[in-house]
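One structure is given below, encoded as structure tokens.
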Amino acid sequence: MADNTGNGQKTNGLPRIGFYICHCGSNIAGIIDVVAVAKFAETLPGVVVSREYKYMCSDPGQELIAQDIKEHKLERIVVASCSPNLHEETFRKAAQKGGLNPFYFQMVNIREHASWVHENKAAATLKAKDLCRAAIYRVRLHKALEKRRVPVNPDVLVVGGGIAGIHAALTLANAGKKVTLVEREATIGGHMAMFDKTFPTLDCAACILTPKMSAVKSHPNITLWTYSEVEKVDGYVGSYEVTVKRKPRYIKEDLCVGCMECIEACVFKEAKVPDAFNQGLSKRRPIYIDFPQATPKVVVIDPATCINVKTGKCKKTCVEACDRDAIDFTQKEEKVQLKVGTIVLATGFKPFDPKKSPHYGYGKYPGVFTALEIERLVNASGPTSGEVLTRDGRHPKAVGIIHCVGSRDEKTNKWCSRVCCMYSLKLAHLIKEHSGAEVYNFYIDMRAPGKAYEEFYEKLLSEGVHFIRGRVAEVTDWAMTKEEEGKLVLRVEDTLAGFVRRVPVDMVVLATGLVPQSDAGDVRRVFNIGCGKEGFFQERHPKLAPVNTFTDGVFIAGACQAPKDIPDTVAQAGAAAAEALALVDAGFVELEPNTSYVLEEECCGCKNCIPLCPYTAISFDETKKKADINEVLCKGCGVCAAACPSGSIVQNLFEDAEIYSEIEGVLAR
Ligand SMILES: Cc1cc2nc3c(=O)[nH]c(=O)nc-3n(C[C@H](O)[C@H](O)[C@H](O)COP(=O)(O)OP(=O)(O)OC[C@H]3O[C@@H](n4cnc5c(N)ncnc54)[C@H](O)[C@@H]3O)c2cc1C
């Protein structure tokens, strides 16, 4: 380690600056001559210590800074190393350890901005010198700033009552936190409640899910609001004010015991409404309950089909049948306010719409089903009590399962939906078990990367399920041979055998991919979070912050973030709950001080800044006729400061003088 301390150097009234350049192993030193940069920095006005060191982020590196601050009475620190995203906080803490305000520090990224992007050593070294000079000029003008603390309301909101929301709510509630779980359907359970068995263990979905659903309902720390949606979220981390819209069920939830006598008594003697829970494969009445274990076990009246809600002209036999007086046609939509400190979003996915791939004949041929429809068909409590039947009531002798419908396809969605290979194997097993049919899987690549997943695939091979590698070109009912008459024919290029096959079957199952909910765009705007280009909610960092979002205090879990199976969903829901707990238990959050503020005397009240703020942190003070920035909501993006025509918005750590000085430094060669 070279020690270029220029102890005797006079600073001519400038703050005393310590400069440190990191080798980052050979990441930086392999291209940049760090010794030369350290010697160069030593000559710059104000620099009284200049050092190069192998790993500045290591404990000895940080200790070096802290010691120098004390020994050389340093008043400012510059570290030239990697991205501030990685180690700005590390070096701020080192400065603080030495007794300096942590914001008297500037970091220079000479790794991503110089050594990693240049091959010419001399040019990279020259660029590093320019960048370091800029930081040294800038840091002189830094001001001491303080982080502020705001208290965190311990109550938590969980949105979405699928397995992700259920698991997150129970984890939080078991830790003693008050949780409100908001679900937009009449029951919690999400997609998992529709399945018969789950891969790879083939355990009964209801047997593992319904105890958790009951636990949510009976938990003293959980308030469950089904048939409800979040309409508006105001506030900031630790202190969110949420408006929830509660749709009328026309049933008093506290009185209904789910005896279902009202359903039997409904004037609609025949069930005529397609049952959404059974994917439209059966019919229900206007007054209904989704499935026997629905939670809460409370019936619901569908306003679109109930004669009384629509016309007021019904004998109301349901009301007469209810001896608990639970039916209440006077119910109106309600808006309820809620205060929470943190939010877990778990709004899940929807299956790909197979009509977007018309060559597979969904909606055209009655023998073509989606995987979710088959989940209901093989389910003992489904529309056929578990019997695998085509829509015209036939027992299929041969079934083709087409993988990757709406996944890994340039024409629809490019992403792999991660669960379709595995649920196709599950359905192949269940169809064979329930009907004895020959089952053909048409796959592009078999993806089984989970615990006991490969073994499950091998089990299916041993059960005699057929696997044909190739993307099915089309499903038709055009018979070319006697054998194909009355059948659906799948035409596919078998890429292992190297020829085109025609496979006649009685039933086709489309393994539809997982796509974002239709209203994911609206939901993310309500919660002020981002989404990726495919529409799933965006995590803060794919590896290091997978359940955090860019809005502090809002976490994501489950398939709303990306397609995933139940084990991964549950793990992620636990992680989101733990992140929320960490905030709640700390009791406060620290806010970065690099926020903007308005110089009131200079603000002309033009309001230009208000719609530009991506964090809705700016409001207009009608009394003063000035813009007002909520420093808790402000994330320091600087858009308002850049856009303000009168220059009356200032951002801490990015003041004009600091930026001009930095520019002067970079150009001072
Ligand atoms: C056909 C099929 C079979 C599968 N089989 C298996 C299997 O055997 N094993 C396995 O591990 N995985 C399986 N999966 C994957 C499994 O479905 C997902 O891992 C799991 O459902 C993800 O749970 P989730 O809670 O994130 O989402 P979801 O199950 O989609 O639940 C989301 C919940 O949020 C609610 N919601 C949505 N928007 C809002 C809103 N704005 N406000 C309030 N509530 C809202 C929804 O109504 C729903 O209740 C299968 C998937 C499919 C398509």
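The chains in the structure tokens are called A, B, ... from first to last as shown; in each chain the residues are counted from 1, and the ligands are counted from 1 in the order shown.
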Give as a PDB file with C-alpha atoms, in the first residue's frame the residues surrounding ligand 1 up to a distance of 7 Å, considering only C-alpha atoms and all ligand atoms.
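Output below, filename out02.pdb:
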ATOM      1  CA  VAL A 159     -53.932  -7.654  -0.840  1.00  0.00           C
ATOM      2  CA  GLY A 160     -54.958 -10.894  -2.555  1.00  0.00           C
ATOM      3  CA  GLY A 161     -56.092 -14.036  -0.770  1.00  0.00           C
ATOM      4  CA  GLY A 162     -54.402 -16.747  -2.842  1.00  0.00           C
ATOM      5  CA  ILE A 163     -51.839 -19.000  -1.199  1.00  0.00           C
ATOM      6  CA  ALA A 164     -49.324 -16.110  -1.215  1.00  0.00           C
ATOM      7  CA  GLY A 165     -51.629 -13.668   0.593  1.00  0.00           C
ATOM      8  CA  VAL A 182     -58.422  -7.817   1.183  1.00  0.00           C
ATOM      9  CA  GLU A 183     -59.628 -10.277  -1.476  1.00  0.00           C
ATOM     10  CA  ARG A 184     -61.705  -9.258  -4.455  1.00  0.00           C
ATOM     11  CA  GLU A 185     -63.538 -12.547  -4.944  1.00  0.00           C
ATOM     12  CA  ILE A 188     -60.048 -16.640  -0.456  1.00  0.00           C
ATOM     13  CA  GLY A 189     -58.007 -19.526  -1.891  1.00  0.00           C
ATOM     14  CA  GLY A 190     -56.999 -18.189  -5.320  1.00  0.00           C
ATOM     15  CA  HIS A 191     -56.066 -20.690  -8.014  1.00  0.00           C
ATOM     16  CA  MET A 192     -54.870 -23.346  -5.586  1.00  0.00           C
ATOM     17  CA  PHE A 195     -56.850 -27.823  -7.988  1.00  0.00           C
ATOM     18  CA  LYS A 197     -53.872 -32.492  -6.427  1.00  0.00           C
ATOM     19  CA  THR A 198     -50.585 -30.611  -6.434  1.00  0.00           C
ATOM     20  CA  PHE A 199     -47.299 -31.640  -8.010  1.00  0.00           C
ATOM     21  CA  PRO A 200     -44.881 -33.224  -7.302  1.00  0.00           C
ATOM     22  CA  SER A 228     -63.438  -6.001  -1.703  1.00  0.00           C
ATOM     23  CA  GLU A 229     -60.785  -4.050  -3.580  1.00  0.00           C
ATOM     24  CA  VAL A 230     -58.295  -1.366  -2.691  1.00  0.00           C
ATOM     25  CA  ALA A 346     -50.180 -10.847  -3.596  1.00  0.00           C
ATOM     26  CA  THR A 347     -52.646 -10.469  -6.446  1.00  0.00           C
ATOM     27  CA  GLY A 348     -51.480 -13.480  -8.439  1.00  0.00           C
ATOM     28  CA  PHE A 349     -51.820 -14.255 -12.144  1.00  0.00           C
ATOM     29  CA  LYS A 350     -54.400 -15.176 -14.748  1.00  0.00           C
ATOM     30  CA  PRO A 351     -54.033 -18.012 -17.254  1.00  0.00           C
ATOM     31  CA  ALA A 371     -55.524 -27.016 -18.053  1.00  0.00           C
ATOM     32  CA  LEU A 372     -57.569 -25.143 -15.442  1.00  0.00           C
ATOM     33  CA  GLU A 375     -58.199 -29.253 -12.920  1.00  0.00           C
ATOM     34  CA  VAL A 419     -45.169 -24.453 -13.834  1.00  0.00           C
ATOM     35  CA  CYS A 420     -46.763 -25.791 -17.038  1.00  0.00           C
ATOM     36  CA  TYR A 423     -48.739 -29.356 -13.981  1.00  0.00           C
ATOM     37  CA  LYS A 426     -49.660 -33.946 -12.930  1.00  0.00           C
ATOM     38  CA  THR A 512     -51.768 -22.321 -20.879  1.00  0.00           C
ATOM     39  CA  GLY A 513     -49.055 -20.093 -19.486  1.00  0.00           C
ATOM     40  CA  LEU A 514     -49.274 -17.628 -16.611  1.00  0.00           C
ATOM     41  CA  GLN A 517     -53.843 -10.095 -14.097  1.00  0.00           C
ATOM     42  CA  VAL A 523     -53.331  -2.045  -9.367  1.00  0.00           C
ATOM     43  CA  ALA A 557     -45.207 -12.021  -3.208  1.00  0.00           C
ATOM     44  CA  GLY A 558     -46.320 -14.883  -5.399  1.00  0.00           C
ATOM     45  CA  ALA A 559     -47.305 -15.019  -9.036  1.00  0.00           C
ATOM     46  CA  CYS A 560     -48.001 -11.267  -9.292  1.00  0.00           C
ATOM     47  CA  LYS A 564     -44.005 -19.543  -9.954  1.00  0.00           C
ATOM     48  CA  ASP A 565     -45.190 -22.731  -8.283  1.00  0.00           C
ATOM     49  CA  ILE A 566     -46.682 -23.088  -4.830  1.00  0.00           C
ATOM     50  CA  PRO A 567     -43.426 -23.870  -2.929  1.00  0.00           C
ATOM     51  CA  THR A 569     -44.868 -18.689  -3.795  1.00  0.00           C
TER      52      THR A 569
END
All residues 8 Å or closer to segment 307-317 of chain A, only C-alpha atoms, same chain fewer than 2 positions away omitted, as a VMD selection string: chain A and resid 262 265 to 267 303 to 305 319 to 321 329
All residues 12 Å or closer to segment 388-398 of chain A, only C-alpha atoms, same chain fewer than 5 positions away omitted, as a PyMOL selection string: chain A and resi 280-282+363+365-369+373-380+382-383+427-428+430-441+465-466+484+486-490+503-509
Give me a file of those residues, with N, CA and C atoms, as a compact mmCIF listing (two decimals), in the first residue's frame.
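selection_17.txt written:
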# COMPACT_ATOMS: atom_id res chain seq x y z
N GLY A 280 -66.83 -22.32 -16.00
CA GLY A 280 -67.98 -22.33 -16.92
C GLY A 280 -68.40 -23.74 -17.32
N LEU A 281 -67.83 -24.78 -16.69
CA LEU A 281 -68.19 -26.15 -17.07
C LEU A 281 -69.47 -26.62 -16.38
N SER A 282 -69.97 -25.80 -15.45
CA SER A 282 -71.26 -26.12 -14.83
C SER A 282 -72.02 -24.81 -14.68
N GLY A 363 -62.52 -23.15 -28.14
CA GLY A 363 -63.74 -22.41 -28.43
C GLY A 363 -64.37 -22.86 -29.74
N TYR A 365 -63.57 -26.33 -31.13
CA TYR A 365 -63.85 -27.76 -30.96
C TYR A 365 -64.22 -28.04 -29.50
N PRO A 366 -65.35 -28.71 -29.27
CA PRO A 366 -65.74 -28.96 -27.88
C PRO A 366 -64.76 -29.84 -27.11
N GLY A 367 -63.90 -30.55 -27.83
CA GLY A 367 -62.96 -31.44 -27.14
C GLY A 367 -61.69 -30.74 -26.67
N VAL A 368 -61.58 -29.42 -26.92
CA VAL A 368 -60.35 -28.72 -26.50
C VAL A 368 -60.61 -28.00 -25.18
N PHE A 369 -59.77 -28.27 -24.19
CA PHE A 369 -59.93 -27.72 -22.84
C PHE A 369 -58.66 -26.99 -22.42
N GLU A 373 -59.49 -25.95 -16.71
CA GLU A 373 -60.76 -26.67 -16.85
C GLU A 373 -60.57 -28.14 -16.45
N ILE A 374 -59.44 -28.72 -16.87
CA ILE A 374 -59.19 -30.13 -16.51
C ILE A 374 -58.99 -30.26 -15.00
N GLU A 375 -58.34 -29.23 -14.39
CA GLU A 375 -58.20 -29.25 -12.92
C GLU A 375 -59.57 -29.42 -12.28
N ARG A 376 -60.59 -28.73 -12.82
CA ARG A 376 -61.93 -28.83 -12.26
C ARG A 376 -62.57 -30.18 -12.59
N LEU A 377 -62.29 -30.68 -13.81
CA LEU A 377 -62.91 -31.96 -14.21
C LEU A 377 -62.40 -33.12 -13.35
N VAL A 378 -61.10 -33.10 -13.03
CA VAL A 378 -60.55 -34.24 -12.26
C VAL A 378 -60.81 -34.08 -10.76
N ASN A 379 -61.45 -32.96 -10.40
CA ASN A 379 -61.65 -32.68 -8.98
C ASN A 379 -62.95 -33.33 -8.50
N ALA A 380 -62.86 -34.06 -7.39
CA ALA A 380 -64.05 -34.76 -6.88
C ALA A 380 -65.19 -33.79 -6.59
N GLY A 382 -65.69 -31.11 -8.37
CA GLY A 382 -65.88 -30.33 -9.59
C GLY A 382 -67.18 -30.67 -10.31
N PRO A 383 -67.36 -30.17 -11.51
CA PRO A 383 -68.65 -30.29 -12.21
C PRO A 383 -69.04 -31.71 -12.60
N LEU A 427 -51.39 -33.48 -14.58
CA LEU A 427 -52.68 -33.74 -15.23
C LEU A 427 -52.63 -35.04 -16.04
N ALA A 428 -51.46 -35.34 -16.65
CA ALA A 428 -51.33 -36.60 -17.39
C ALA A 428 -51.59 -37.77 -16.44
N LEU A 430 -53.25 -37.70 -13.56
CA LEU A 430 -54.62 -37.72 -13.06
C LEU A 430 -55.61 -38.18 -14.13
N ILE A 431 -55.38 -37.73 -15.38
CA ILE A 431 -56.30 -38.14 -16.46
C ILE A 431 -56.22 -39.66 -16.65
N LYS A 432 -54.99 -40.16 -16.64
CA LYS A 432 -54.80 -41.61 -16.81
C LYS A 432 -55.47 -42.37 -15.65
N GLU A 433 -55.26 -41.83 -14.46
CA GLU A 433 -55.82 -42.48 -13.27
C GLU A 433 -57.36 -42.47 -13.30
N HIS A 434 -57.93 -41.31 -13.72
CA HIS A 434 -59.39 -41.18 -13.67
C HIS A 434 -60.09 -41.82 -14.86
N SER A 435 -59.39 -41.92 -16.04
CA SER A 435 -60.11 -42.36 -17.24
C SER A 435 -59.47 -43.57 -17.93
N GLY A 436 -58.24 -43.86 -17.58
CA GLY A 436 -57.54 -44.97 -18.25
C GLY A 436 -57.13 -44.63 -19.68
N ALA A 437 -57.28 -43.35 -20.10
CA ALA A 437 -56.96 -42.95 -21.48
C ALA A 437 -55.44 -42.99 -21.72
N GLU A 438 -55.08 -43.14 -23.02
CA GLU A 438 -53.67 -42.96 -23.41
C GLU A 438 -53.41 -41.45 -23.39
N VAL A 439 -52.29 -41.04 -22.79
CA VAL A 439 -52.02 -39.60 -22.71
C VAL A 439 -50.72 -39.28 -23.44
N TYR A 440 -50.78 -38.28 -24.33
CA TYR A 440 -49.60 -37.84 -25.09
C TYR A 440 -49.24 -36.42 -24.64
N ASN A 441 -47.99 -36.23 -24.24
CA ASN A 441 -47.51 -34.88 -23.91
C ASN A 441 -46.70 -34.36 -25.09
N VAL A 465 -46.98 -42.85 -19.87
CA VAL A 465 -47.44 -41.63 -20.54
C VAL A 465 -46.49 -41.38 -21.71
N HIS A 466 -47.03 -40.97 -22.87
CA HIS A 466 -46.19 -40.77 -24.06
C HIS A 466 -45.68 -39.34 -24.10
N GLU A 484 -58.74 -41.55 -38.00
CA GLU A 484 -58.87 -40.15 -37.55
C GLU A 484 -60.31 -39.65 -37.54
N GLY A 486 -63.87 -38.61 -36.62
CA GLY A 486 -64.51 -38.27 -35.34
C GLY A 486 -63.52 -37.85 -34.27
N LYS A 487 -62.26 -37.69 -34.68
CA LYS A 487 -61.22 -37.35 -33.68
C LYS A 487 -60.70 -35.93 -33.90
N LEU A 488 -59.97 -35.44 -32.91
CA LEU A 488 -59.18 -34.22 -33.09
C LEU A 488 -57.78 -34.68 -33.46
N VAL A 489 -57.20 -34.06 -34.47
CA VAL A 489 -55.89 -34.52 -34.92
C VAL A 489 -54.84 -33.44 -34.62
N LEU A 490 -53.79 -33.84 -33.91
CA LEU A 490 -52.70 -32.91 -33.61
C LEU A 490 -51.59 -33.15 -34.62
N VAL A 503 -51.47 -37.12 -34.72
CA VAL A 503 -51.89 -37.93 -33.57
C VAL A 503 -53.38 -37.70 -33.31
N PRO A 504 -54.23 -38.69 -33.56
CA PRO A 504 -55.67 -38.52 -33.30
C PRO A 504 -56.01 -38.74 -31.82
N VAL A 505 -56.78 -37.82 -31.26
CA VAL A 505 -57.17 -37.93 -29.84
C VAL A 505 -58.65 -37.53 -29.70
N ASP A 506 -59.19 -37.77 -28.50
CA ASP A 506 -60.58 -37.38 -28.24
C ASP A 506 -60.65 -36.08 -27.45
N MET A 507 -59.56 -35.77 -26.77
CA MET A 507 -59.56 -34.58 -25.92
C MET A 507 -58.18 -33.92 -26.02
N VAL A 508 -58.18 -32.58 -26.09
CA VAL A 508 -56.91 -31.85 -26.11
C VAL A 508 -56.87 -30.94 -24.89
N VAL A 509 -55.74 -30.95 -24.20
CA VAL A 509 -55.57 -30.08 -23.03
C VAL A 509 -54.50 -29.05 -23.37
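Closest approach to Gly30 of chain A among A:Ile629, A:Ala124, A:Asp59, A:Cys82 is made by A:Ala124 (distances from only C-alpha atoms).
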Who sits within 8 Å of Ala169 of chain A, only C-alpha atoms, same chain under 4 positions skipped, as a list of chain:residue names: A:Val158, A:Gly165, A:Ala173, A:Val179, A:Thr180, A:Leu181, A:Val216, A:Ile222, A:Ala577
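Contact shell of Thr412 of chain A at 10 Å (only C-alpha atoms; same-chain neighbours under 5 positions omitted): A:Phe352, A:Lys356, A:Ser357, A:Val405, A:Gly406, A:Ser407.
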With N, CA and C atoms retained, write the just-selected residues as a compact mmCIF listing (two decimals), in the first residue's frame.
# COMPACT_ATOMS: atom_id res chain seq x y z
N PHE A 352 -53.20 -17.64 -19.50
CA PHE A 352 -53.19 -17.12 -20.87
C PHE A 352 -54.51 -17.46 -21.56
N LYS A 356 -56.18 -16.62 -28.13
CA LYS A 356 -55.13 -15.87 -28.83
C LYS A 356 -54.24 -16.80 -29.66
N SER A 357 -54.39 -18.11 -29.48
CA SER A 357 -53.68 -19.09 -30.32
C SER A 357 -54.74 -19.93 -31.03
N VAL A 405 -48.47 -23.27 -24.23
CA VAL A 405 -49.48 -22.48 -24.95
C VAL A 405 -49.47 -21.08 -24.32
N GLY A 406 -48.97 -20.11 -25.10
CA GLY A 406 -48.84 -18.76 -24.55
C GLY A 406 -47.58 -18.58 -23.73
N SER A 407 -46.61 -19.47 -23.88
CA SER A 407 -45.30 -19.33 -23.23
C SER A 407 -44.23 -19.71 -24.25
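The gap separating atom CA of Val237 of chain A from atom CA of Pro593 of chain A is 15.2 Å, in Å to one decimal.
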